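A.B. asks: Okay, here's the structure, questions in a sec.
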Amino acid sequence: MLASESALSVGWFLDHAWVIPIIPAVGFALIILFGRRLPMKGSEIGVLSMVSSLVLALGAAYQWIQRVDGASGEVAHGLVKSAEGHSAPYVGPIIHEWTWWQSGGFEFGIGQHIDGLALTLLVVVAFISTLVQIYSLEYLRGDRRYTHFFAALTLFSAGMLCMVLAPNMVQLILGWEIMGLCSFMLIGHWWEDQANARAALKAFFTVRVGDMGLLVGTGALFFGANQWTQEHLGVSGFNISGLSAWAMSGEASKSLLLWAAVALFIACIGKSGQFPLHTWLPDAMAGPTPVSSLLHSSTMVVAGVFLVARLYPVFWEGMKIGDTNINFIVLIGGITIVIAALLAFVQHDIKKVLAYSTVSQLGYMMMGLGAGAWLPAVFHIFTHAFFKACLFLAAGSVSHSGSHHSFDMKKDMGGLAKKMPITATTWIISTLALAGVFPLAGFFSKDEIIDNVGHNGYQAFMIVGLSGAFLTAAYMTRATYLTFFGEARGAAAGEHHDEHAAHDDHDAHADHGAHGAHDDHDSHASHGPHESPKLITVPLMILASLALVAGLANATPFGSNWERFKKYVEPSSEYVAVEAAVAHGPGEALSPVVVTAEEAEGEAKSGCSYEAPGAGEACYFPAVSHAEFKWSKAALSLIIVAAGLVSSWLFCVQYYTRRNRRLVGLTSRNAVLRGGYTFLWNKYYLDALYEKVIVRAVAHPIAAAAYWFNQNVLDGIVNGAAKISRRTAGWVYRNIDQRVVDGAVNGSGAAARGTGGALRPVQSGKVNQYGALLFAAAAIGALVLVIINT
Amino acid sequence: MLTVQFLLLGAVLFCIGVYGVLARKNAVMVLMSIELILNSVNLNLLAFSQRLDSIDGNTFALYVIAIAAAEVGVGLAMVLLIYRNRRSISLDELSDMKG
């Protein structure tokens with residue numbers, strides 16, 4: 001134990017990772033309180049807090065790598081036989097938990113749970129947030145709510161960081177809800193426009209629908225697990241590692257696990273924009289572009305994927321991912337990939353293409369998680385964050401400097417590659433990365449997902465993944481062509497629109513934002529599209545270069561030495577002695593390595609997910625298998641991607657530039673195609689379904705019933721009560737008021753009058769008479785006294 | 001010394017005083033009658049003080065004399081004012097308080 005203590009060093013950064021979300025939270029408060037008075041209107045605090053979070057996160061990541069390396073070096077101590085036959089030491093998470101509040105005997109903790117997954121997200125979130133804030137310095141210059149924008153952005157990052165660090169479900173929900181609130185504030189940043197306010201509300205409500213699942217699932221898990229975790233691990237049923245161990249213990253009720261997993265996954269559907277609750281995500285493009293970039297690359301929408309990855313044992317056991325049956329997660333993920341990719345084809349708005357692309361990529365992550373490909377899915381979060389942030393920011397750059405605040409690809413873009421070379425280059429690099437072209441980031445993660453899904457026995461979904469790859473390549477090529485190639489149209493051609501009403505929503509609200517600096521914008525719009533300033537292009541270049549190389553962090557094709565993610569991020573699926581694994585409170589963060597040598601050796605299918613742990617042991621992660629990389633499989637997907645790119649390019653050239661007569665107007669000639677187009681254009685009628693059918697079916701009868709109830713029952717009661725009280729009042733008036741009360745009043749008046757009349761002669765005004773009366777009374781009094789005393 | 005003789009004298013004086021208060025029309029006479037009543041009470045107080053060998057009665061009598069002097073002062077001032085306003089001090093004419 002002592003040996004491992006030195007080996008598994010816990011550095012300062014790892015021990016104090018809980019500071020990371022606190023910095024932006026404090027930054028938020030400072031911006032709100034003092035932001036307006038600062039020279040840069042509070043944006044400097046936002047950028048500064050994100051930079052310091054990033055530094056802390058990087059420090060923690062570095063120390064984690066050292067910790068894992070140190071554990072690997074210590075061969076003599078703490079080897080565990082893993083499922084795949086090789087020996088690996090157990091490197092536990094660094095958990096600190098303090099009591100946050102107590103209620104009726106329940107303790108709610110707050111703290112940190114640092115492992116490879118948390119650190120990956122921490123670094124990515126802090127990094128993207130930093131770049132997005134720097135980008136926003138220019139993009140939102142002169143905005144009327146500049147300070148509030150940075151405040152909300154900073155709080156949003158704080159929420160995500162808080163959620164990622166969460167050691168228990170309570171803190172996770174806290175971060176989750178902070179993000180929900182901030183996304184509402186940010187999407188509705190330009191709320192003066194009705195459409196934006198509606199989009200913000202839609203995002204909020206749709207996510208809230210899912211959030212019910214989160215609460216239900218958390219509650220179910222708590223009441224199912226609390227006793228077990230208290231008994232075996234000494235932690236509450238909210239604790240994430242406790243829940244993981246409970247789910248893997250084999251003692252948990254299967255049906256409870258299933259329903260909890262389903263409920264939690266519904267929350268993920270809402271948050272991560274999975275089918276059928278993905279409809280809020282494209283509408284959320286109403287927010288400023290940096291917001292879209294942050295929300296839809298690395299934070300908000302990844303939260304759902306993160307939740308599944310974080311509580312993977314619960315989902316693994318609940319959904320029986322180890323079996324190759326189709327489960328809920330993989331099904332939803334697969335559906336989402338295809339339907340979102342198809343929708344991306346009919347969009348005119350460049351940001352909506354990216355939004356559907358995000359939905360589709362999230363589908364990949366979910367499908368990977370649902371099929372047991374945990375590591376590729378998490379790796380895809382990592383790579384996707386870079387290139388999708390880059391794509392969104394590039395789209396923002398185009399609208400900022402190229403198309404006069406329009407996002408309409410068909411109306412106001414085209415041919416911008418020459419005018420905006422840096423934006424175009426970064427966009428194209430990220431597009432290729434997203435499509436999964438060989439040495440770029442997307443290839444290594446997406447191909448791994450597809451490969452592992454097939455390897456784990458989900459062949460049908462491998463085909464879904466491959467067709468998704470084709471569609472991705474095709475719709476991204478279409479967007480690229482429409483934006484950067486072909487002939488310049490509208491604003492991109494230097495046309496100046498005076499009539500803002502003619503633009504679509506985005507244009508209108510981009511205008512809102514630019515009010516303060518409107519002259520500036522007008523002046524540069526008048527001399528046509530040009531490259532964006534440095535504050536915009538530098539973040540783009542950084543992200544694009546990461547889109548180029550991020551995939552090498554887990555480059556499976558180059559051998560196991562390149563699989564750094566597997567080494568540092570994937571939790572080990574070893575049996576761990578219970579008392580050692582749970583570290584509590586500051587100073588106890590040590591998680592020593594534990595030997596369980598007697599576990600079945602040589603057997604192919606052993607390990608945490610196959611056999612329940614023995615007494616005194618716990619599992620924290622299922623043994624997931626990894627597909628062997630084969631160039632033949634990769635070649636297949638590369639060919640598919642290439643086919644997508646080329647065919648789409650050829651189609652675009654023919655359709656948009658050459659105006660080929662056979663293609664143009666095809667949808668109006670061919671009934672099948674027209675039907676398909678209309679179907680897609682109306683977004684599968686899901687919005688109509690929600691608003692017209694569900695809302696009407698649910699809300700309208702309720703409203704009608706409420707109205708009937710109101711009219712007949714409530715009004716009846718009210719009217720009846722009124723009638724009764726009126727009658728009572730009449731009776732009271734006639735009998736009690738008129739007779740009794742008035743009688744008493746009049747009677748007393750009459751009595752007083754009579755008495756006064758009777759006593760009047762006494763008041764003669766003659767002093768002698770008064771004196772006589774006085775003495776008579778005194779005499780009578782004296783007489784009475786005498787009589788009484790004798 | 002017979003206390004009863006003092007008391008009888010006091011009672012006689014009291015009755016004369018009461019008669020004066022009730023029967024006289026002249027305000028000055030009424031005031032004088034009130035003095036008689038007060039002095040009859042003083043006689044009573046002194047008689048009982050003598051009989052009970054207590055100083056209390058004498059003290060009270062002194063108080064009564066002092067207050068009676070003040071009362072006569074106030075009373076005569078009022079009579080003077082009434083006379084000034086009405087040229088008469090007949091009590092019968094002062095029946096403005098008639099109810």
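For the structure tokens, the naming scheme is as follows: chains receive sequential letters (A, B, ...) according to their order of presentation, residues are indexed from 1 within each chain, and ligands are indexed from 1 in presentation order.
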If we count only C-alpha atoms, what is near Gln230 of chain A at a cut-off of 12 Å, once residues fewer than 2 positions away on the same chain are taken out, given as number ranges by chain?

C.D. replies: A: 106-107, 222-228, 232-239, 242-243, 245-246, 578, 582

A.B. asks: Within 12 Å of Lys25 of chain B, counting only C-alpha atoms, which residues show up once you throw out same-chain ones fewer than 5 positions away? Write them as a VMD selection string, please.

C.D. replies: (chain A and resid 766 to 769) or (chain B and resid 19 to 20 30 to 31 33 88 to 94)

A.B. asks: One decimal, Å: what's the distance from atom CA of Asp53 of chain B over to atom CA of Ala11 of chain B, could you say?

C.D. replies: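 Distance reported for this atom pair: 21.6 Å.
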
A.B. asks: I need the chain B residues near chain A as a PDB file with C-alpha atoms, in the first residue's frame; criterion: at most 8 Å, counting only C-alpha atoms.

C.D. replies:
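Result file is out27.pdb:
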```pdb
ATOM      1  CA  VAL B  18     -78.387  74.557  55.084  1.00  0.00           C
ATOM      2  CA  VAL B  21     -78.076  77.977  51.392  1.00  0.00           C
ATOM      3  CA  LEU B  22     -81.505  76.826  50.324  1.00  0.00           C
ATOM      4  CA  ALA B  23     -83.599  79.833  51.261  1.00  0.00           C
ATOM      5  CA  LEU B  91     -79.413  83.806  42.448  1.00  0.00           C
ATOM      6  CA  ASP B  92     -82.869  83.446  40.964  1.00  0.00           C
ATOM      7  CA  LEU B  94     -78.842  83.134  37.328  1.00  0.00           C
ATOM      8  CA  SER B  95     -80.884  80.332  35.874  1.00  0.00           C
ATOM      9  CA  ASP B  96     -79.154  80.219  32.491  1.00  0.00           C
ATOM     10  CA  MET B  97     -78.238  76.557  33.042  1.00  0.00           C
ATOM     11  CA  LYS B  98     -81.912  75.608  32.832  1.00  0.00           C
ATOM     12  CA  GLY B  99     -82.196  72.301  30.957  1.00  0.00           C
TER      13      GLY B  99
END
```

A.B. asks: Using 12 Å as the limit and counting only C-alpha atoms, can you tabulate each residue of segment 269-334 of chain A that touches segment 164-176 of chain A, with its shortest atom-to-atom distance in Å and the two atoms involved, as a tab-separated table?

C.D. replies:
```
residue	atom	partner	partner_atom	distance
A:Gly270	CA	A:Trp176	CA	11.7
A:Lys271	CA	A:Trp176	CA	9.0
A:Ser272	CA	A:Trp176	CA	11.6
A:Ser298	CA	A:Val164	CA	11.5
A:Thr299	CA	A:Val164	CA	9.7
A:Met300	CA	A:Trp176	CA	8.3
A:Val301	CA	A:Trp176	CA	10.5
A:Val302	CA	A:Val164	CA	10.4
A:Ala303	CA	A:Trp176	CA	7.4
A:Gly304	CA	A:Trp176	CA	9.2
A:Val305	CA	A:Val164	CA	11.2
A:Phe306	CA	A:Val164	CA	7.7
A:Leu307	CA	A:Leu172	CA	8.6
A:Val308	CA	A:Val164	CA	12.0
A:Ala309	CA	A:Val164	CA	10.9
A:Arg310	CA	A:Val164	CA	8.8
A:Leu311	CA	A:Met169	CA	9.7
```

A.B. asks: Write to file, as a PDB file, in the first residue's frame, the residues of the selection just made, with N, CA and C atoms.

C.D. replies:
```pdb
ATOM      1  N   GLY A 270     -33.261  14.169 -24.495  1.00  0.00           N
ATOM      2  CA  GLY A 270     -33.613  15.586 -24.511  1.00  0.00           C
ATOM      3  C   GLY A 270     -32.387  16.465 -24.609  1.00  0.00           C
ATOM      4  N   LYS A 271     -31.393  16.174 -23.796  1.00  0.00           N
ATOM      5  CA  LYS A 271     -30.232  17.062 -23.729  1.00  0.00           C
ATOM      6  C   LYS A 271     -29.363  16.912 -24.958  1.00  0.00           C
ATOM      7  N   SER A 272     -29.157  15.691 -25.400  1.00  0.00           N
ATOM      8  CA  SER A 272     -28.231  15.477 -26.501  1.00  0.00           C
ATOM      9  C   SER A 272     -28.920  15.484 -27.853  1.00  0.00           C
ATOM     10  N   SER A 298     -19.127  21.087 -27.634  1.00  0.00           N
ATOM     11  CA  SER A 298     -18.463  20.413 -26.524  1.00  0.00           C
ATOM     12  C   SER A 298     -19.256  20.450 -25.231  1.00  0.00           C
ATOM     13  N   THR A 299     -20.281  21.245 -25.135  1.00  0.00           N
ATOM     14  CA  THR A 299     -20.871  21.343 -23.796  1.00  0.00           C
ATOM     15  C   THR A 299     -22.273  20.759 -23.731  1.00  0.00           C
ATOM     16  N   MET A 300     -23.248  21.630 -23.885  1.00  0.00           N
ATOM     17  CA  MET A 300     -24.657  21.269 -23.668  1.00  0.00           C
ATOM     18  C   MET A 300     -25.024  19.889 -24.215  1.00  0.00           C
ATOM     19  N   VAL A 301     -24.870  19.714 -25.506  1.00  0.00           N
ATOM     20  CA  VAL A 301     -25.399  18.495 -26.099  1.00  0.00           C
ATOM     21  C   VAL A 301     -24.548  17.282 -25.753  1.00  0.00           C
ATOM     22  N   VAL A 302     -23.301  17.529 -25.369  1.00  0.00           N
ATOM     23  CA  VAL A 302     -22.460  16.397 -25.004  1.00  0.00           C
ATOM     24  C   VAL A 302     -22.810  15.900 -23.600  1.00  0.00           C
ATOM     25  N   ALA A 303     -23.546  16.751 -22.861  1.00  0.00           N
ATOM     26  CA  ALA A 303     -23.879  16.380 -21.488  1.00  0.00           C
ATOM     27  C   ALA A 303     -24.598  15.029 -21.427  1.00  0.00           C
ATOM     28  N   GLY A 304     -25.526  14.820 -22.359  1.00  0.00           N
ATOM     29  CA  GLY A 304     -26.256  13.557 -22.349  1.00  0.00           C
ATOM     30  C   GLY A 304     -25.334  12.386 -22.615  1.00  0.00           C
ATOM     31  N   VAL A 305     -24.456  12.552 -23.593  1.00  0.00           N
ATOM     32  CA  VAL A 305     -23.507  11.483 -23.901  1.00  0.00           C
ATOM     33  C   VAL A 305     -22.610  11.243 -22.689  1.00  0.00           C
ATOM     34  N   PHE A 306     -22.202  12.338 -22.064  1.00  0.00           N
ATOM     35  CA  PHE A 306     -21.353  12.213 -20.889  1.00  0.00           C
ATOM     36  C   PHE A 306     -22.068  11.438 -19.782  1.00  0.00           C
ATOM     37  N   LEU A 307     -23.352  11.727 -19.610  1.00  0.00           N
ATOM     38  CA  LEU A 307     -24.087  11.030 -18.547  1.00  0.00           C
ATOM     39  C   LEU A 307     -24.078   9.532 -18.791  1.00  0.00           C
ATOM     40  N   VAL A 308     -24.316   9.148 -20.042  1.00  0.00           N
ATOM     41  CA  VAL A 308     -24.299   7.711 -20.343  1.00  0.00           C
ATOM     42  C   VAL A 308     -22.907   7.143 -20.104  1.00  0.00           C
ATOM     43  N   ALA A 309     -21.893   7.871 -20.554  1.00  0.00           N
ATOM     44  CA  ALA A 309     -20.535   7.369 -20.387  1.00  0.00           C
ATOM     45  C   ALA A 309     -20.167   7.299 -18.911  1.00  0.00           C
ATOM     46  N   ARG A 310     -20.642   8.276 -18.136  1.00  0.00           N
ATOM     47  CA  ARG A 310     -20.291   8.353 -16.723  1.00  0.00           C
ATOM     48  C   ARG A 310     -20.942   7.227 -15.924  1.00  0.00           C
ATOM     49  N   LEU A 311     -22.211   6.998 -16.179  1.00  0.00           N
ATOM     50  CA  LEU A 311     -22.927   5.934 -15.452  1.00  0.00           C
ATOM     51  C   LEU A 311     -22.990   4.677 -16.310  1.00  0.00           C
TER      52      LEU A 311
END
```

A.B. asks: Show which residues sit within 12 Å of Ile34 of chain B, as a PyMOL selection string. Count only C-alpha atoms, and ignore same-chain residues fewer than 6 positions away.

C.D. replies: (chain A and resi 771) or (chain B and resi 13-22+24+27-28+40-41+68-69+71-72+75)

A.B. asks: Give me, please, the distance in Å between atom CA of Lys254 of chain A and atom CA of Phe315 of chain A, quoted to one decimal.

C.D. replies: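 Atom CA of Phe315 of chain A lies 11.0 Å from atom CA of Lys254 of chain A.
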
A.B. asks: Residues of segment 256-391 of chain A classed as alpha helix (DSSP H) by DSSP on the backbone are to be reported as a ChimeraX atom specification.

C.D. replies: /A:256-271,280-283,289-297,302-310,312-318,328-343,350-370,374-391

A.B. asks: May I have the selected residues written with C-alpha atoms, as a compact mmCIF listing (two decimals), in the first residue's frame?

C.D. replies:
```txt
# COMPACT_ATOMS: atom_id res chain seq x y z
CA LEU A 256 -35.07 -1.43 -11.55
CA LEU A 257 -31.82 -0.99 -13.44
CA LEU A 258 -33.66 -1.19 -16.74
CA TRP A 259 -36.22 1.43 -15.85
CA ALA A 260 -33.67 3.71 -14.26
CA ALA A 261 -31.49 3.42 -17.34
CA VAL A 262 -34.46 4.14 -19.60
CA ALA A 263 -35.42 7.16 -17.54
CA LEU A 264 -31.88 8.50 -17.54
CA PHE A 265 -31.59 7.89 -21.23
CA ILE A 266 -34.72 9.92 -21.85
CA ALA A 267 -32.92 12.81 -20.19
CA CYS A 268 -30.02 12.19 -22.54
CA ILE A 269 -32.37 12.17 -25.52
CA GLY A 270 -33.61 15.59 -24.51
CA LYS A 271 -30.23 17.06 -23.73
CA TRP A 280 -34.92 21.98 -30.31
CA LEU A 281 -31.35 21.77 -31.52
CA PRO A 282 -31.72 23.29 -35.00
CA ASP A 283 -33.96 25.99 -33.61
CA THR A 289 -22.96 31.86 -33.46
CA PRO A 290 -20.39 31.56 -30.65
CA VAL A 291 -23.19 30.18 -28.50
CA SER A 292 -24.07 27.60 -31.11
CA SER A 293 -20.44 26.70 -31.32
CA LEU A 294 -20.07 26.23 -27.60
CA LEU A 295 -23.42 24.57 -26.99
CA HIS A 296 -23.28 22.20 -29.89
CA SER A 297 -19.69 21.15 -29.98
CA VAL A 302 -22.46 16.40 -25.00
CA ALA A 303 -23.88 16.38 -21.49
CA GLY A 304 -26.26 13.56 -22.35
CA VAL A 305 -23.51 11.48 -23.90
CA PHE A 306 -21.35 12.21 -20.89
CA LEU A 307 -24.09 11.03 -18.55
CA VAL A 308 -24.30 7.71 -20.34
CA ALA A 309 -20.53 7.37 -20.39
CA ARG A 310 -20.29 8.35 -16.72
CA TYR A 312 -21.97 3.34 -18.00
CA PRO A 313 -22.29 0.36 -15.66
CA VAL A 314 -25.91 1.28 -14.99
CA PHE A 315 -26.67 1.41 -18.69
CA TRP A 316 -24.55 -1.62 -19.40
CA GLU A 317 -26.44 -3.73 -16.93
CA GLY A 318 -29.81 -2.09 -17.38
CA PHE A 328 -32.85 1.30 -26.58
CA ILE A 329 -29.66 3.34 -26.77
CA VAL A 330 -28.22 1.84 -29.90
CA LEU A 331 -31.61 2.02 -31.59
CA ILE A 332 -32.12 5.70 -30.82
CA GLY A 333 -28.53 6.46 -31.78
CA GLY A 334 -28.88 4.67 -35.10
CA ILE A 335 -32.15 6.35 -35.98
CA THR A 336 -30.74 9.73 -35.06
CA ILE A 337 -27.70 9.33 -37.29
CA VAL A 338 -29.75 8.75 -40.40
CA ILE A 339 -32.70 11.05 -39.94
CA ALA A 340 -30.58 14.01 -38.89
CA ALA A 341 -28.17 13.47 -41.78
CA LEU A 342 -31.06 13.41 -44.23
CA LEU A 343 -32.48 16.61 -42.82
CA ILE A 350 -25.60 27.02 -42.99
CA LYS A 351 -25.92 26.79 -39.22
CA LYS A 352 -28.85 24.43 -39.47
CA VAL A 353 -26.79 22.10 -41.61
CA LEU A 354 -24.24 22.10 -38.83
CA ALA A 355 -26.95 21.64 -36.24
CA TYR A 356 -28.28 18.53 -37.93
CA SER A 357 -24.74 17.38 -38.42
CA THR A 358 -24.24 17.71 -34.68
CA VAL A 359 -27.39 15.72 -34.02
CA SER A 360 -26.16 13.06 -36.36
CA GLN A 361 -22.71 12.91 -34.76
CA LEU A 362 -24.30 12.69 -31.33
CA GLY A 363 -26.20 9.76 -32.74
CA TYR A 364 -22.84 8.16 -33.49
CA MET A 365 -21.72 8.67 -29.93
CA MET A 366 -24.91 7.23 -28.53
CA MET A 367 -24.82 4.32 -30.90
CA GLY A 368 -21.24 3.62 -29.88
CA LEU A 369 -22.14 3.73 -26.21
CA GLY A 370 -25.19 1.57 -26.79
CA TRP A 374 -17.32 3.18 -24.87
CA LEU A 375 -13.86 4.34 -25.71
CA PRO A 376 -14.48 5.29 -29.36
CA ALA A 377 -17.61 7.16 -28.33
CA VAL A 378 -15.75 9.18 -25.71
CA PHE A 379 -12.95 9.73 -28.16
CA HIS A 380 -15.50 10.98 -30.65
CA ILE A 381 -16.69 13.55 -28.10
CA PHE A 382 -13.09 14.71 -27.95
CA THR A 383 -12.42 15.00 -31.68
CA HIS A 384 -15.91 16.17 -32.59
CA ALA A 385 -15.59 19.10 -30.20
CA PHE A 386 -12.69 20.55 -32.16
CA PHE A 387 -13.94 20.27 -35.69
CA LYS A 388 -17.53 21.09 -34.92
CA ALA A 389 -16.53 24.18 -32.94
CA CYS A 390 -14.34 25.14 -35.86
CA LEU A 391 -17.18 24.67 -38.34
```

A.B. asks: Could you give me, as a PyMOL selection string, the residues within 7 Å of segment 127-140 of chain A, counting only C-alpha atoms and dropping anything in the same chain fewer than 5 positions from it?

C.D. replies: chain A and resi 47+50-51+54+146+157+290+294+535-536+539

A.B. asks: May I have the residues from that selection written out with N, CA and C atoms, as an mmCIF file, in the first residue's frame?

C.D. replies:
```cif
data_model
loop_
_atom_site.group_PDB
_atom_site.id
_atom_site.type_symbol
_atom_site.label_atom_id
_atom_site.label_comp_id
_atom_site.auth_asym_id
_atom_site.auth_seq_id
_atom_site.Cartn_x
_atom_site.Cartn_y
_atom_site.Cartn_z
ATOM 1 N N VAL A 47 -12.861 35.814 -20.222
ATOM 2 C CA VAL A 47 -11.724 35.165 -20.885
ATOM 3 C C VAL A 47 -10.705 34.715 -19.845
ATOM 4 N N MET A 50 -11.800 31.623 -17.962
ATOM 5 C CA MET A 50 -11.719 30.400 -18.759
ATOM 6 C C MET A 50 -10.271 29.981 -18.958
ATOM 7 N N VAL A 51 -9.390 30.971 -19.138
ATOM 8 C CA VAL A 51 -7.977 30.618 -19.315
ATOM 9 C C VAL A 51 -7.451 29.959 -18.044
ATOM 10 N N LEU A 54 -8.637 26.527 -17.842
ATOM 11 C CA LEU A 54 -7.927 25.681 -18.801
ATOM 12 C C LEU A 54 -6.558 25.292 -18.252
ATOM 13 N N TYR A 146 -23.710 42.975 -24.339
ATOM 14 C CA TYR A 146 -22.368 42.393 -24.391
ATOM 15 C C TYR A 146 -21.975 41.793 -23.046
ATOM 16 N N SER A 157 -20.222 27.672 -18.990
ATOM 17 C CA SER A 157 -19.032 26.816 -18.884
ATOM 18 C C SER A 157 -18.888 26.295 -17.463
ATOM 19 N N PRO A 290 -21.283 32.149 -31.655
ATOM 20 C CA PRO A 290 -20.395 31.558 -30.646
ATOM 21 C C PRO A 290 -21.148 30.652 -29.682
ATOM 22 N N LEU A 294 -20.378 26.783 -28.920
ATOM 23 C CA LEU A 294 -20.067 26.227 -27.599
ATOM 24 C C LEU A 294 -21.091 25.163 -27.202
ATOM 25 N N LEU A 535 -9.013 38.229 -34.316
ATOM 26 C CA LEU A 535 -9.667 37.621 -33.158
ATOM 27 C C LEU A 535 -10.574 36.487 -33.583
ATOM 28 N N ILE A 536 -11.000 36.500 -34.818
ATOM 29 C CA ILE A 536 -11.849 35.419 -35.314
ATOM 30 C C ILE A 536 -11.009 34.353 -35.994
ATOM 31 N N PRO A 539 -8.624 31.802 -33.463
ATOM 32 C CA PRO A 539 -9.286 30.615 -32.907
ATOM 33 C C PRO A 539 -9.621 29.584 -33.975
#
```

A.B. asks: As an mmCIF file with C-alpha atoms, in the first residue's frame, please: the residues near Ala47 of chain B (cut-off 9 Å, only C-alpha atoms, same-chain neighbours under 6 positions excluded).

C.D. replies:
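Output file around29.cif is given in full below:
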```cif
data_model
loop_
_atom_site.group_PDB
_atom_site.id
_atom_site.type_symbol
_atom_site.label_atom_id
_atom_site.label_comp_id
_atom_site.auth_asym_id
_atom_site.auth_seq_id
_atom_site.Cartn_x
_atom_site.Cartn_y
_atom_site.Cartn_z
ATOM 1 C CA THR B 3 -69.192 65.919 73.570
ATOM 2 C CA VAL B 4 -72.830 65.781 72.736
ATOM 3 C CA PHE B 6 -70.646 70.365 70.892
ATOM 4 C CA LEU B 7 -72.277 68.017 68.458
ATOM 5 C CA GLY B 57 -59.282 66.349 64.153
#
```

A.B. asks: Which residues are near Pro21 of chain A? Cut-off 7 Å, only C-alpha atoms, ignore same chain within fewer than 3 positions. Put them as a list in words.

C.D. replies: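 Returned residues: Trp18, Pro24, Ala25, Ala158, Leu161 and Cys162 of chain A.
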
A.B. asks: Rounded to one decimal, what separation in Å do you get between atom CA of Ile31 of chain A and atom CA of Met160 of chain A?

C.D. replies: 18.4 Å
